[in-house]
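> Just so it is clear, I am handing over protein_35.txt, which has compact mmCIF, C-alpha atoms.
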```
# COMPACT_ATOMS: atom_id res chain seq x y z
CA MET A 1 0.00 0.00 0.00
CA ALA A 2 0.85 3.66 -0.36
CA MET A 3 -1.21 6.35 1.35
CA GLN A 4 -1.09 10.13 1.37
CA VAL A 5 -1.92 11.79 4.66
CA GLN A 6 -3.34 15.17 3.74
CA SER A 7 -4.66 16.67 6.97
CA ASP A 8 -4.32 16.70 10.74
CA ALA A 9 -7.73 15.01 10.87
CA ALA A 10 -6.37 12.14 8.74
CA VAL A 11 -3.39 11.80 11.10
CA LYS A 12 -5.75 11.61 14.10
CA LYS A 13 -7.94 9.04 12.35
CA MET A 14 -4.92 6.90 11.42
CA PHE A 15 -3.58 6.95 15.00
CA GLY A 16 -7.07 6.17 16.35
CA SER A 17 -7.33 3.11 14.07
CA ALA A 18 -3.83 1.96 15.07
CA LYS A 19 -4.72 2.26 18.78
CA LYS A 20 -7.82 0.10 18.30
CA MET A 21 -5.85 -2.51 16.35
CA MET A 22 -3.17 -2.60 19.07
CA THR A 23 -5.79 -2.97 21.83
CA ASP A 24 -7.49 -5.81 19.93
CA MET A 25 -4.14 -7.58 19.75
CA GLY A 26 -3.62 -7.19 23.51
CA VAL A 27 -0.83 -4.63 23.09
CA THR A 28 -0.87 -2.14 25.94
CA GLU A 29 2.56 -0.62 25.64
CA THR A 30 5.38 -0.20 23.18
CA ARG A 31 8.93 1.04 23.24
CA ALA A 32 11.02 2.49 20.45
CA GLU A 33 14.49 1.18 19.78
CA ILE A 34 16.49 3.14 17.23
CA LEU A 35 18.13 0.80 14.71
CA GLY A 36 19.60 3.45 12.46
CA LEU A 37 19.79 7.23 12.36
CA GLU A 38 21.19 9.41 9.61
CA SER A 39 21.27 13.16 9.40
CA LEU A 40 20.71 13.80 5.68
CA THR A 41 20.66 17.60 5.84
CA PRO A 42 20.56 20.15 8.69
CA LYS A 43 16.76 19.86 8.63
CA VAL A 44 16.10 16.28 7.52
CA VAL A 45 16.78 13.10 9.49
CA MET A 46 16.12 9.52 8.51
CA VAL A 47 15.53 7.10 11.35
CA THR A 48 14.69 3.41 11.45
CA ALA A 49 13.00 2.37 14.68
CA HIS A 50 11.78 -0.97 15.97
CA PHE A 51 8.72 -0.89 18.20
CA ASP A 52 8.34 -3.81 20.60
CA TRP A 53 4.70 -4.62 21.32
CA LEU A 54 4.18 -5.43 24.99
CA ASP A 55 1.07 -6.91 26.60
CA ALA A 56 -0.36 -6.12 30.06
CA GLU A 57 2.09 -8.61 31.62
CA GLY A 58 5.00 -6.78 30.01
CA GLU A 59 5.68 -9.64 27.60
CA GLN A 60 6.61 -8.96 24.02
CA VAL A 61 3.84 -10.18 21.74
CA GLY A 62 5.17 -8.83 18.49
CA GLY A 63 6.68 -5.76 16.95
CA GLU A 64 7.22 -3.70 13.86
CA ALA A 65 9.96 -1.64 12.28
CA THR A 66 9.45 1.59 10.40
CA THR A 67 11.76 4.01 8.60
CA PHE A 68 10.71 7.63 9.10
CA THR A 69 11.84 10.74 7.26
CA LEU A 70 11.68 13.55 9.81
CA ARG A 71 11.90 17.20 8.78
CA ARG A 72 12.15 20.23 11.03
CA ASP A 73 9.12 22.52 10.78
CA ASP A 74 9.23 26.33 10.99
CA THR A 75 9.61 26.16 14.78
CA GLY A 76 12.54 23.72 14.50
CA ALA A 77 10.58 20.71 15.76
CA LEU A 78 11.04 17.36 14.02
CA ARG A 79 7.91 16.03 12.29
CA VAL A 80 7.28 12.90 10.28
CA LYS A 81 7.05 13.60 6.53
CA SER A 82 7.15 10.03 5.24
CA SER A 83 7.14 6.51 6.64
CA VAL A 84 8.03 3.11 5.26
CA MET A 85 6.48 0.29 7.26
CA HIS A 86 8.69 -2.81 7.10
CA GLY A 87 5.83 -5.09 8.18
CA GLN A 88 4.58 -6.59 11.42
CA GLU A 89 6.20 -9.42 13.34
CA THR A 90 4.15 -11.79 15.44
CA LYS A 91 5.58 -13.77 18.27
CA ALA A 92 4.74 -17.49 18.21
CA HIS A 93 3.63 -18.83 21.61
CA MET B 1 18.41 -6.37 4.84
CA GLN B 2 21.66 -6.58 2.89
CA PRO B 3 20.98 -5.80 -0.78
CA SER B 4 21.74 -8.56 -3.27
CA HIS B 5 24.07 -8.01 -6.21
CA ALA B 6 21.03 -8.32 -8.50
CA LEU B 7 19.27 -5.49 -6.62
CA ILE B 8 22.37 -3.27 -6.69
CA LYS B 9 22.57 -3.80 -10.47
CA GLU B 10 18.86 -3.10 -10.90
CA VAL B 11 19.02 0.12 -8.85
CA GLN B 12 22.16 1.28 -10.68
CA HIS B 13 20.38 0.74 -14.00
CA PHE B 14 17.34 2.63 -12.67
CA LEU B 15 19.51 5.56 -11.55
CA ASP B 16 21.41 5.61 -14.87
CA ARG B 17 18.05 6.00 -16.65
CA PHE B 18 17.09 8.66 -14.12
CA ALA B 19 20.35 10.59 -14.68
CA ALA B 20 19.82 10.43 -18.45
CA ALA B 21 16.25 11.73 -18.08
CA VAL B 22 17.45 14.62 -15.92
CA THR B 23 20.27 15.74 -18.23
CA LYS B 24 18.07 15.45 -21.33
CA GLY B 25 15.05 17.01 -19.61
CA ASP B 26 13.09 13.99 -20.82
CA GLY B 27 9.82 14.38 -18.94
CA GLU B 28 8.20 11.37 -20.58
CA ALA B 29 11.03 9.08 -19.46
CA ALA B 30 10.83 10.66 -16.01
CA THR B 31 7.16 9.77 -15.58
CA LYS B 32 8.09 6.09 -15.96
CA LEU B 33 10.60 6.43 -13.12
CA ARG B 34 8.44 8.24 -10.58
CA GLU B 35 5.03 7.07 -9.41
CA VAL B 36 2.56 9.65 -8.15
CA PRO B 37 1.65 10.75 -5.57
CA ALA B 38 5.25 11.37 -4.58
CA LEU B 39 7.00 13.69 -2.16
CA VAL B 40 10.09 15.81 -2.81
CA MET B 41 11.76 17.61 0.06
CA GLY B 42 14.88 19.49 0.98
CA ASP B 43 15.89 21.96 3.66
CA ASP B 44 14.09 24.80 1.91
CA MET B 45 11.09 23.13 0.34
CA VAL B 46 8.52 20.34 0.47
CA MET B 47 6.55 19.51 -2.65
CA GLU B 48 3.85 16.97 -3.34
CA VAL B 49 3.98 15.60 -6.86
CA GLU B 50 0.43 14.69 -7.81
CA SER B 51 0.47 14.02 -11.55
CA ASP B 52 2.65 12.78 -14.42
CA GLU B 53 2.35 16.25 -15.99
CA GLN B 54 3.88 17.74 -12.86
CA VAL B 55 6.74 15.20 -13.02
CA ALA B 56 7.42 16.10 -16.65
CA GLU B 57 7.32 19.84 -15.85
CA PHE B 58 9.65 19.34 -12.87
CA PHE B 59 12.21 17.52 -15.04
CA GLY B 60 11.97 20.12 -17.79
CA ALA B 61 12.66 22.91 -15.29
CA GLY B 62 15.57 20.92 -13.82
CA ASN B 63 17.13 20.55 -17.27
CA GLU B 64 17.00 24.33 -17.86
CA THR B 65 18.66 24.95 -14.49
CA TYR B 66 21.46 22.49 -15.30
CA ASN B 67 22.03 23.95 -18.77
CA ALA B 68 22.25 27.44 -17.30
CA LYS B 69 25.01 26.21 -14.98
CA GLY B 70 26.93 24.66 -17.89
CA ILE B 71 26.15 21.09 -16.81
CA THR B 72 25.88 18.73 -19.75
CA ASP B 73 26.35 15.33 -18.14
CA THR B 74 26.17 13.41 -14.87
CA ARG B 75 26.36 9.89 -13.57
CA ALA B 76 24.80 8.13 -10.60
CA ASP B 77 27.27 7.09 -7.88
CA ILE B 78 25.48 4.98 -5.28
CA ILE B 79 26.60 5.93 -1.76
CA GLY B 80 24.20 3.76 0.22
CA LEU B 81 21.55 1.18 -0.57
CA GLU B 82 19.20 -0.47 1.87
CA ASP B 83 16.58 -3.08 1.16
CA LEU B 84 13.82 -2.06 3.61
CA THR B 85 11.19 -4.57 2.49
CA PRO B 86 10.84 -6.89 -0.53
CA LYS B 87 9.17 -3.98 -2.36
CA VAL B 88 10.84 -0.88 -0.89
CA VAL B 89 14.45 0.24 -1.32
CA LEU B 90 16.22 3.26 0.10
CA VAL B 91 19.10 4.57 -1.97
CA THR B 92 21.42 7.53 -1.49
CA VAL B 93 23.12 8.66 -4.65
CA ARG B 94 25.53 11.41 -5.63
CA PHE B 95 25.27 13.03 -9.05
CA PRO B 96 28.48 14.83 -10.07
CA TRP B 97 27.86 17.83 -12.34
CA ILE B 98 29.99 17.51 -15.46
CA ASN B 99 30.52 20.26 -18.05
CA LYS B 100 31.07 19.83 -21.79
CA GLU B 101 34.84 19.61 -21.23
CA GLY B 102 34.21 16.58 -19.00
CA GLU B 103 35.20 18.46 -15.85
CA GLU B 104 33.35 18.07 -12.59
CA ILE B 105 32.04 21.48 -11.54
CA GLY B 106 29.87 20.49 -8.58
CA GLY B 107 27.39 17.87 -7.57
CA GLU B 108 24.38 16.98 -5.52
CA THR B 109 23.23 14.08 -3.38
CA SER B 110 19.71 12.76 -2.88
CA THR B 111 18.10 9.95 -0.95
CA TYR B 112 15.26 8.19 -2.76
CA THR B 113 12.62 5.82 -1.52
CA LEU B 114 11.88 3.45 -4.40
CA LYS B 115 8.84 1.21 -4.36
CA ARG B 116 7.93 -1.52 -6.82
CA ASP B 117 4.79 -0.74 -8.81
CA GLN B 118 2.16 -3.32 -9.77
CA GLU B 119 4.36 -4.56 -12.61
CA GLY B 120 7.31 -4.97 -10.24
CA ALA B 121 9.28 -1.99 -11.61
CA LEU B 122 11.07 0.29 -9.15
CA ARG B 123 9.73 3.85 -9.07
CA ILE B 124 10.57 6.87 -6.94
CA ARG B 125 7.98 7.65 -4.25
CA SER B 126 9.93 10.16 -2.19
CA SER B 127 13.13 12.18 -2.50
CA VAL B 128 15.23 14.06 0.00
CA MET B 129 17.59 16.51 -1.69
CA HIS B 130 20.69 17.00 0.48
CA GLY B 131 21.57 20.20 -1.35
CA ALA B 132 24.01 21.25 -4.05
CA GLU B 133 27.75 21.20 -3.41
CA THR B 134 29.97 24.10 -4.24
CA HIS B 135 32.80 23.49 -6.68
CA GLN B 136 35.22 23.59 -3.74
CA ALA B 137 33.23 20.96 -1.82
CA SER B 138 33.01 18.86 -4.95
CA ARG B 139 36.80 18.92 -5.39
CA ALA B 140 37.22 17.90 -1.75
CA ILE B 141 34.94 14.89 -2.31
CA MET B 142 36.94 13.87 -5.38
CA ALA B 143 40.28 14.19 -3.54
```
Just give me the structure as structure tokens.


Amino acid sequence: MAMQVQSDAAVKKMFGSAKKMMTDMGVTETRAEILGLESLTPKVVMVTAHFDWLDAEGEQVGGEATTFTLRRDDTGALRVKSSVMHGQETKAH
Amino acid sequence: MQPSHALIKEVQHFLDRFAAAVTKGDGEAATKLREVPALVMGDDMVMEVESDEQVAEFFGAGNETYNAKGITDTRADIIGLEDLTPKVVLVTVRFPWINKEGEEIGGETSTYTLKRDQEGALRIRSSVMHGAETHQASRAIMA
């Protein structure tokens, strides 16, 4: 898939859907581990992060990796401009 | 994922076609290399590319800029290549700017996200332009 996110409302909707999907899978917490970070320009950073999916018992039940292109906005804050989702991992029990 | 030799060869071929399209200002060739919607960004700009016509226009404008600077040729030197998924590749490439005497007079580097289309062909979906190098910086890179 490829999807354009055109508005703040679309961002909110996407995050809302992701939260529901995570809850349905029993994921209550996640943590970001940076796998790679490259400063492409003074304003653009490329980062690959792995997110561990943890359940209520703190056990890892899966995860996913994503590569984000972050660009500083007019206030200097980093914001996601594009994402490549590497795909979900599931943990066999 | 470590890229295979076959992928490196495929991406190099893709970038060679891309470099040729840029130097010739061949908008039609360019539309086959970039799939819309696409995103182009640098430190000073962010642009959404929504149509093939926009791609062709963008390449035409690029060609005029290069000609005005005396650039007649380039080549694609791959600096980094990462196989993110079976369908998505991240490549960083430097394009030296070469004048009609064959001298390098500058250069620029970009990072492209390439995604396979429905036919399996690689096409640019996003670009980060690192910025143009001065002649002095270019000579330092060559040294």

> Could you list, as a list in words, every residue within 10 Å of Gly25 in chain B, counting all atoms listed in the file and ignoring same-chain residues fewer than 5 positions away?

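Everything that qualifies: Ala19, Ala20, Ala30, Ala56, Glu57, Phe58, Phe59, Gly60, Ala61, Gly62, Asn63, Glu64, Tyr66 and Asn67 of chain B.
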
> Restricting the output to C-alpha atoms, write the selected residues as a PDB file, keeping the file's coordinate frame.


```
ATOM      1  CA  ALA B  19      20.350  10.590 -14.680  1.00  0.00           C
ATOM      2  CA  ALA B  20      19.820  10.430 -18.450  1.00  0.00           C
ATOM      3  CA  ALA B  30      10.830  10.660 -16.010  1.00  0.00           C
ATOM      4  CA  ALA B  56       7.420  16.100 -16.650  1.00  0.00           C
ATOM      5  CA  GLU B  57       7.320  19.840 -15.850  1.00  0.00           C
ATOM      6  CA  PHE B  58       9.650  19.340 -12.870  1.00  0.00           C
ATOM      7  CA  PHE B  59      12.210  17.520 -15.040  1.00  0.00           C
ATOM      8  CA  GLY B  60      11.970  20.120 -17.790  1.00  0.00           C
ATOM      9  CA  ALA B  61      12.660  22.910 -15.290  1.00  0.00           C
ATOM     10  CA  GLY B  62      15.570  20.920 -13.820  1.00  0.00           C
ATOM     11  CA  ASN B  63      17.130  20.550 -17.270  1.00  0.00           C
ATOM     12  CA  GLU B  64      17.000  24.330 -17.860  1.00  0.00           C
ATOM     13  CA  TYR B  66      21.460  22.490 -15.300  1.00  0.00           C
ATOM     14  CA  ASN B  67      22.030  23.950 -18.770  1.00  0.00           C
TER      15      ASN B  67
END
```

> With all atoms listed in the file counted and 6 Å as the cut-off, give the residues of chain B in contact with chain A, each with its shortest interatomic distance in Å and the pair that gives it, as a tab-separated table.


```
residue	atom	partner	partner_atom	distance
B:Asp43	CA	A:Lys43	CA	5.5
B:Thr85	CA	A:His86	CA	5.5
B:His130	CA	A:Thr41	CA	5.4
```

> So what do you get for CA of Met41 in chain B versus CA of His5 in chain B, distance-wise?

29.1 Å

> Which is closer to Ile71 in chain B than all the others in B:Glu48, B:Glu53, B:Glu101, B:Glu119, using all atoms listed in the file?

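Of B:Glu48, B:Glu53, B:Glu101, B:Glu119, the one nearest Ile71 in chain B, counting all atoms listed in the file, is B:Glu101.
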
> Dump as a list in words all residues having an atom at most 9 Å from (24.3, 9.3, -0.7), computed in the file's coordinates with all atoms listed in the file.

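Looking at atoms near the point gives Leu40 of chain A; Asp77, Ile78, Ile79, Gly80, Leu81, Val91, Thr92, Val93, Arg94, Thr109, Ser110, Thr111 and His130 of chain B.
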
> Could you check which residues have any atom within 12 Å of (-0.7, 3.7, 28.4), counting only C-alpha atoms with coordinates taken straight from the file, and then list them as JSON, numbers by chain?

{"A": [19, 22, 23, 27, 28, 29, 30, 31, 54, 55, 56]}

> Determine the nearest neighbour of Lys100 in chain B from the options B:Gln12, B:Gln2, B:Thr74, B:Gln118, counting all atoms listed in the file.

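Smallest distance to Lys100 in chain B is found for B:Thr74.
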
> Report the distance between CA of Ile124 in chain B and CA of Gly102 in chain B in Å, rounded to one decimal place.

28.3 Å

> For a test of reading the model, state the distance in Å between CA of Glu38 in chain A and CA of Ala38 in chain B, rounded to one decimal.

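That distance, rounded to one decimal, is 21.4 Å.
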
> Choose the residue, out of B:Gly70, B:Glu108, B:Leu90, B:Val46, that has the smallest atom-to-atom separation from Pro3 in chain B; count all atoms listed in the file.

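For Pro3 in chain B, the nearest of the given residues is B:Leu90.
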
> Could you check which of A:Ala18, A:Val47, A:Val11, A:Leu78 is closest to Ala32 in chain A, using all atoms listed in the file?

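Selected residue with least distance to Ala32 in chain A: A:Val47.
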
> Please identify all polymer residues within 7 Å of Gln88 in chain A, counting all atoms listed in the file, omitting same-chain residues fewer than 2 positions from it, and present them as a list of chain:residue names.

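Close residues of Gln88 in chain A: A:Gly63, A:Glu64, A:Thr90.
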
> Which one of B:Asp73, B:Asp52, B:Glu10, B:Glu82 sits closest to Tyr112 in chain B if you count only C-alpha atoms?

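With only C-alpha atoms as the atom set, the closest residue is B:Glu82.
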
> Which is closer to Ala49 in chain A than all the others in A:Phe68, A:Gly26, A:Val5, A:Ala10, using only C-alpha atoms?

A:Phe68
